[in-house]
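Asker: Handing over entry.cif, mmCIF, C-alpha atoms.
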```cif
data_model
loop_
_atom_site.group_PDB
_atom_site.id
_atom_site.type_symbol
_atom_site.label_atom_id
_atom_site.label_comp_id
_atom_site.auth_asym_id
_atom_site.auth_seq_id
_atom_site.Cartn_x
_atom_site.Cartn_y
_atom_site.Cartn_z
ATOM 1 C CA MET G 138 -40.170 5.669 2.375
ATOM 2 C CA THR G 139 -39.129 2.176 3.519
ATOM 3 C CA HIS G 140 -40.265 0.724 0.191
ATOM 4 C CA LEU G 141 -38.067 3.221 -1.692
ATOM 5 C CA THR G 142 -35.073 2.423 0.498
ATOM 6 C CA GLU G 143 -35.509 -1.311 -0.083
ATOM 7 C CA ARG G 144 -35.777 -0.819 -3.856
ATOM 8 C CA VAL G 145 -32.620 1.325 -3.929
ATOM 9 C CA SER G 146 -30.784 -1.220 -1.790
ATOM 10 C CA GLU G 147 -31.872 -4.081 -4.058
ATOM 11 C CA ARG G 148 -30.739 -2.179 -7.173
ATOM 12 C CA LEU G 149 -27.366 -1.411 -5.582
ATOM 13 C CA ALA G 150 -26.942 -5.054 -4.547
ATOM 14 C CA ALA G 151 -27.792 -6.203 -8.102
ATOM 15 C CA GLY G 152 -25.337 -3.685 -9.551
ATOM 16 C CA SER G 153 -22.697 -4.854 -7.098
ATOM 17 C CA ARG G 154 -23.162 -8.504 -8.120
ATOM 18 C CA LEU G 155 -22.989 -7.555 -11.802
ATOM 19 C CA ALA G 156 -19.809 -5.507 -11.295
ATOM 20 C CA GLN G 157 -18.149 -8.292 -9.329
ATOM 21 C CA LEU G 158 -19.055 -10.876 -11.978
ATOM 22 C CA SER G 159 -17.714 -8.714 -14.782
ATOM 23 C CA LEU G 160 -14.475 -8.080 -12.871
ATOM 24 C CA ARG G 161 -13.925 -11.736 -12.013
ATOM 25 C CA SER G 162 -10.616 -13.075 -13.250
ATOM 26 C CA SER G 163 -8.606 -16.205 -12.530
ATOM 27 C CA ALA G 164 -5.718 -13.949 -11.514
ATOM 28 C CA ARG G 165 -7.772 -12.110 -8.874
ATOM 29 C CA THR G 166 -7.469 -14.564 -6.001
ATOM 30 C CA LYS G 167 -6.927 -14.138 -2.293
ATOM 31 C CA ARG G 168 -3.619 -15.955 -2.610
ATOM 32 C CA ALA G 169 -2.439 -13.537 -5.323
ATOM 33 C CA ALA G 170 -3.440 -10.616 -3.091
ATOM 34 C CA VAL G 171 -1.478 -12.084 -0.166
ATOM 35 C CA VAL G 172 1.615 -12.792 -2.282
ATOM 36 C CA LEU G 173 1.587 -9.309 -3.806
ATOM 37 C CA GLY G 174 0.979 -7.839 -0.362
ATOM 38 C CA ARG G 175 4.039 -9.627 1.041
ATOM 39 C CA LEU G 176 6.206 -8.386 -1.818
ATOM 40 C CA LEU G 177 4.893 -4.849 -1.400
ATOM 41 C CA ALA G 178 5.454 -4.865 2.357
ATOM 42 C CA LEU G 179 9.009 -6.145 1.901
ATOM 43 C CA ALA G 180 9.730 -3.507 -0.749
ATOM 44 C CA PHE G 181 8.336 -0.724 1.428
ATOM 45 C CA VAL G 182 10.375 -1.913 4.425
ATOM 46 C CA VAL G 183 13.576 -1.980 2.328
ATOM 47 C CA CYS G 184 12.842 1.531 1.047
ATOM 48 C CA PHE G 185 11.994 2.696 4.556
ATOM 49 C CA LEU G 186 15.234 1.372 6.064
ATOM 50 C CA THR G 187 17.479 2.680 3.294
ATOM 51 C CA GLY G 188 15.661 6.018 3.356
ATOM 52 C CA LEU G 189 15.962 6.215 7.141
ATOM 53 C CA TYR G 190 19.708 5.548 6.841
ATOM 54 C CA SER G 191 20.006 8.379 4.318
ATOM 55 C CA HIS G 192 17.908 10.706 6.453
ATOM 56 C CA LEU G 193 19.982 10.023 9.568
ATOM 57 C CA LEU G 194 23.202 10.607 7.639
ATOM 58 C CA GLN G 195 21.946 13.997 6.486
ATOM 59 C CA ASP G 196 20.205 14.978 9.754
ATOM 60 C CA PRO G 197 21.746 12.890 12.545
ATOM 61 C CA LEU G 198 20.144 12.809 15.964
ATOM 62 C CA PRO G 199 22.098 14.509 18.772
ATOM 63 C CA GLY G 200 25.099 12.370 19.697
ATOM 64 C CA MET G 201 24.700 10.082 16.699
ATOM 65 C CA ARG G 202 27.890 9.214 14.814
ATOM 66 C CA PHE G 203 28.313 7.174 11.655
ATOM 67 C CA ALA G 204 31.474 5.506 10.444
ATOM 68 C CA THR G 205 32.975 7.236 7.422
ATOM 69 C CA THR G 206 34.092 3.986 5.862
ATOM 70 C CA PRO G 207 33.286 2.246 3.642
ATOM 71 C CA SER G 208 32.646 5.282 1.506
ATOM 72 C CA TRP G 209 30.609 3.332 -1.050
ATOM 73 C CA LEU G 210 27.952 2.201 1.487
ATOM 74 C CA TYR G 211 25.797 5.285 0.942
ATOM 75 C CA GLN G 212 25.880 4.774 -2.828
ATOM 76 C CA VAL G 213 24.770 1.159 -2.444
ATOM 77 C CA THR G 214 21.928 1.986 -0.052
ATOM 78 C CA GLN G 215 20.653 4.788 -2.281
ATOM 79 C CA GLY G 216 20.900 2.573 -5.361
ATOM 80 C CA VAL G 217 18.818 -0.066 -3.576
ATOM 81 C CA HIS G 218 16.385 2.625 -2.365
ATOM 82 C CA ILE G 219 15.791 3.997 -5.860
ATOM 83 C CA THR G 220 15.663 0.594 -7.583
ATOM 84 C CA VAL G 221 13.204 -0.897 -5.113
ATOM 85 C CA GLY G 222 11.234 2.370 -5.075
ATOM 86 C CA LEU G 223 10.786 2.168 -8.844
ATOM 87 C CA ALA G 224 9.745 -1.485 -8.560
ATOM 88 C CA LEU G 225 7.034 -0.428 -6.108
ATOM 89 C CA LEU G 226 4.905 1.207 -8.803
ATOM 90 C CA PRO G 227 4.101 -1.910 -10.871
ATOM 91 C CA LEU G 228 3.780 -4.020 -7.699
ATOM 92 C CA LEU G 229 1.347 -1.546 -6.195
ATOM 93 C CA LEU G 230 -0.709 -1.344 -9.383
ATOM 94 C CA ALA G 231 -0.842 -5.165 -9.582
ATOM 95 C CA LYS G 232 -2.037 -5.383 -5.970
ATOM 96 C CA LEU G 233 -4.700 -2.738 -6.579
ATOM 97 C CA TRP G 234 -5.857 -4.534 -9.739
ATOM 98 C CA THR G 235 -6.126 -7.781 -7.768
ATOM 99 C CA VAL G 236 -8.303 -6.370 -4.974
ATOM 100 C CA TYR G 237 -10.291 -3.908 -7.113
ATOM 101 C CA PRO G 238 -13.562 -5.957 -7.079
ATOM 102 C CA VAL G 239 -13.766 -5.546 -3.293
ATOM 103 C CA LEU G 240 -14.716 -1.913 -3.910
ATOM 104 C CA PHE G 241 -17.997 -3.141 -5.376
ATOM 105 C CA ARG G 242 -18.977 -5.306 -2.413
ATOM 106 C CA TRP G 243 -22.505 -4.619 -1.178
ATOM 107 C CA PRO G 244 -23.273 -3.591 1.429
ATOM 108 C CA ALA G 245 -20.024 -1.663 1.356
ATOM 109 C CA ILE G 246 -19.894 -1.122 5.093
ATOM 110 C CA THR G 247 -21.424 -3.530 7.570
ATOM 111 C CA SER G 248 -19.738 -2.513 10.829
ATOM 112 C CA TRP G 249 -17.527 0.060 12.502
ATOM 113 C CA ARG G 250 -14.617 -2.249 11.785
ATOM 114 C CA ASP G 251 -15.335 -1.842 8.051
ATOM 115 C CA VAL G 252 -15.416 1.952 8.404
ATOM 116 C CA VAL G 253 -12.054 1.999 10.189
ATOM 117 C CA GLU G 254 -10.485 -0.552 7.828
ATOM 118 C CA ARG G 255 -11.616 1.241 4.666
ATOM 119 C CA GLY G 256 -10.457 4.587 6.045
ATOM 120 C CA LEU G 257 -7.030 3.170 6.881
ATOM 121 C CA ILE G 258 -6.774 1.531 3.468
ATOM 122 C CA ALA G 259 -7.653 4.836 1.784
ATOM 123 C CA VAL G 260 -4.831 6.575 3.657
ATOM 124 C CA LEU G 261 -2.401 3.713 2.960
ATOM 125 C CA VAL G 262 -3.184 3.505 -0.758
ATOM 126 C CA SER G 263 -3.071 7.251 -1.345
ATOM 127 C CA SER G 264 0.222 7.679 0.504
ATOM 128 C CA ALA G 265 1.674 4.518 -1.093
ATOM 129 C CA LEU G 266 0.850 5.888 -4.557
ATOM 130 C CA LEU G 267 2.150 9.379 -3.810
ATOM 131 C CA GLU G 268 5.450 8.286 -2.244
ATOM 132 C CA PRO G 269 7.042 6.518 -5.251
ATOM 133 C CA VAL G 270 5.635 9.083 -7.686
ATOM 134 C CA ILE G 271 7.252 12.036 -5.933
ATOM 135 C CA GLY G 272 10.386 9.913 -5.478
ATOM 136 C CA LEU G 273 10.470 9.265 -9.224
ATOM 137 C CA ILE G 274 10.015 12.961 -9.956
ATOM 138 C CA ASN G 275 12.823 13.708 -7.490
ATOM 139 C CA THR G 276 15.212 11.511 -9.509
ATOM 140 C CA PHE G 277 14.840 14.074 -12.308
ATOM 141 C CA GLN G 278 15.553 16.857 -9.783
ATOM 142 C CA TRP G 279 12.305 18.530 -10.783
ATOM 143 C CA TYR G 280 10.240 20.013 -7.959
ATOM 144 C CA PRO G 281 6.865 21.267 -9.229
ATOM 145 C CA TRP G 282 5.433 21.407 -5.679
ATOM 146 C CA PRO G 283 5.709 24.107 -3.017
ATOM 147 C CA PHE G 284 6.756 21.759 -0.174
ATOM 148 C CA SER G 285 10.082 20.338 0.936
ATOM 149 C CA PHE G 286 10.554 17.004 -0.823
ATOM 150 C CA ARG G 287 12.725 15.510 1.922
ATOM 151 C CA ARG G 288 10.302 16.323 4.755
ATOM 152 C CA VAL G 289 7.215 15.094 2.899
ATOM 153 C CA HIS G 290 8.960 11.955 1.607
ATOM 154 C CA TYR G 291 10.154 11.174 5.142
ATOM 155 C CA GLY G 292 6.703 11.800 6.655
ATOM 156 C CA LEU G 293 4.949 9.681 4.037
ATOM 157 C CA ALA G 294 7.396 6.850 4.725
ATOM 158 C CA TRP G 295 6.351 6.765 8.388
ATOM 159 C CA LEU G 296 2.678 6.977 7.391
ATOM 160 C CA ILE G 297 3.078 4.035 4.996
ATOM 161 C CA ILE G 298 4.937 1.843 7.496
ATOM 162 C CA GLY G 299 2.271 2.539 10.124
ATOM 163 C CA GLY G 300 -0.464 1.902 7.557
ATOM 164 C CA ILE G 301 1.101 -1.406 6.555
ATOM 165 C CA ALA G 302 1.297 -2.495 10.197
ATOM 166 C CA LEU G 303 -2.383 -1.651 10.748
ATOM 167 C CA HIS G 304 -3.437 -3.247 7.449
ATOM 168 C CA VAL G 305 -1.610 -6.460 8.350
ATOM 169 C CA ALA G 306 -3.291 -6.410 11.774
ATOM 170 C CA PHE G 307 -6.737 -6.120 10.156
ATOM 171 C CA LYS G 308 -6.009 -8.736 7.489
ATOM 172 C CA LEU G 309 -4.078 -11.184 9.694
ATOM 173 C CA PRO G 310 -6.813 -13.862 9.701
ATOM 174 C CA ILE G 311 -6.874 -13.874 5.868
ATOM 175 C CA ILE G 312 -3.076 -13.795 5.662
ATOM 176 C CA VAL G 313 -2.725 -16.744 8.044
ATOM 177 C CA ARG G 314 -5.421 -18.743 6.234
ATOM 178 C CA HIS G 315 -3.766 -18.231 2.843
ATOM 179 C CA TRP G 316 -0.132 -18.345 3.956
ATOM 180 C CA ARG G 317 0.114 -22.007 3.080
ATOM 181 C CA SER G 318 -1.067 -23.733 -0.070
ATOM 182 C CA GLY G 319 -4.485 -25.240 0.172
ATOM 183 C CA HIS G 320 -7.625 -26.039 -1.723
ATOM 184 C CA ASP G 321 -9.236 -22.661 -0.973
ATOM 185 C CA ASP G 322 -6.264 -20.551 -2.065
ATOM 186 C CA GLU G 323 -7.818 -19.850 -5.411
ATOM 187 C CA ASP G 324 -10.979 -18.258 -4.024
ATOM 188 C CA PRO G 325 -11.813 -15.023 -5.821
ATOM 189 C CA VAL G 326 -11.097 -11.804 -3.970
#
```
Just dump the structure as structure tokens.
Answerer:
Amino acid sequence: MTHLTERVSERLAAGSRLAQLSLRSSARTKRAAVVLGRLLALAFVVCFLTGLYSHLLQDPLPGMRFATTPSWLYQVTQGVHITVGLALLPLLLAKLWTVYPVLFRWPAITSWRDVVERGLIAVLVSSALLEPVIGLINTFQWYPWPFSFRRVHYGLAWLIIGGIALHVAFKLPIIVRHWRSGHDDEDPV
């Protein structure tokens, strides 16, 4: 049985190397992943803050009061929210394209840290893809789902912000190493 396991592992490792070689691109660098990650995090924070402002205007906490002037402030914040939310889709797809070869790393999981990190990334990516898509559908005032858009959109926003914070915590050594320009900034992902 051990011989079979070793053969399967060797085949998977060879397939992993082949997949990573075929996916190699000069645009898929750690620096590109960090830059796209910073832009994505900033865009999500802007959307989160403008969405939170809108949510608190519609459902204020007990004792919370907002000034009624200037009257155009809500329009500006919602315009920013929608514009940045739409810009999230291509940014998110670019980031996913950049880090895609990491999915073919072998062995895929080497420690409990890898299990936790990959699980958190799965939650972050799925919620980050769902959030702007349902937001885009909402701009057409079409609701093909059985749930309350506002509640789910609000909940996903908190999930994404928490996921970003945890992802940054896990990736902080890489982020710090590639924050500045250097000779190793163009390492493949």
Asker: Distance CA of Pro269 (chain G)-CA of Ala169 (chain G), one decimal place?
Answerer: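 Separating CA of Pro269 (chain G) from CA of Ala169 (chain G) is a distance of 22.2 Å.
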Asker: Spell out the residues picked by the PyMOL selection byres ((chain G and resi 305-311) around 10) here, as a compact mmCIF listing (two decimals) with C-alpha atoms, keeping the file's coordinate frame.
Answerer:
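Just written: selection26.txt:
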```txt
# COMPACT_ATOMS: atom_id res chain seq x y z
CA LYS G 167 -6.93 -14.14 -2.29
CA ARG G 168 -3.62 -15.96 -2.61
CA VAL G 171 -1.48 -12.08 -0.17
CA GLY G 174 0.98 -7.84 -0.36
CA ARG G 175 4.04 -9.63 1.04
CA ALA G 178 5.45 -4.86 2.36
CA ARG G 250 -14.62 -2.25 11.78
CA ASP G 251 -15.34 -1.84 8.05
CA VAL G 253 -12.05 2.00 10.19
CA GLU G 254 -10.48 -0.55 7.83
CA LEU G 257 -7.03 3.17 6.88
CA GLY G 299 2.27 2.54 10.12
CA GLY G 300 -0.46 1.90 7.56
CA ILE G 301 1.10 -1.41 6.56
CA ALA G 302 1.30 -2.50 10.20
CA LEU G 303 -2.38 -1.65 10.75
CA HIS G 304 -3.44 -3.25 7.45
CA ILE G 312 -3.08 -13.80 5.66
CA VAL G 313 -2.72 -16.74 8.04
CA ARG G 314 -5.42 -18.74 6.23
CA HIS G 315 -3.77 -18.23 2.84
CA TRP G 316 -0.13 -18.34 3.96
```
Asker: For the file shown, report as a list in words the outcome of the PyMOL selection byres ((chain G and resi 280-288) around 12) at residue level.
Answerer: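 In the shown coordinates, the PyMOL selection byres ((chain G and resi 280-288) around 12) covers Gly188, Leu189, Ser191, His192, Leu193, Gln195, Asp196, Leu267, Glu268, Pro269, Val270, Ile271, Gly272, Leu273, Ile274, Asn275, Thr276, Phe277, Gln278, Trp279, Val289, His290, Tyr291, Gly292, Leu293, Ala294 and Trp295 of chain G.
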Asker: Determine the residue set returned by the PyMOL selection byres ((chain G and resi 231-233) around 12) for the present structure, and present it as number ranges by chain.
Answerer: G: 164-178, 224-230, 234-240, 258-259, 261-263, 265-266, 326
Asker: If you measure from CA of Val221 (chain G) to CA of Leu194 (chain G), what distance in Å do you get, rounded to one decimal?
Answerer: 19.9 Å
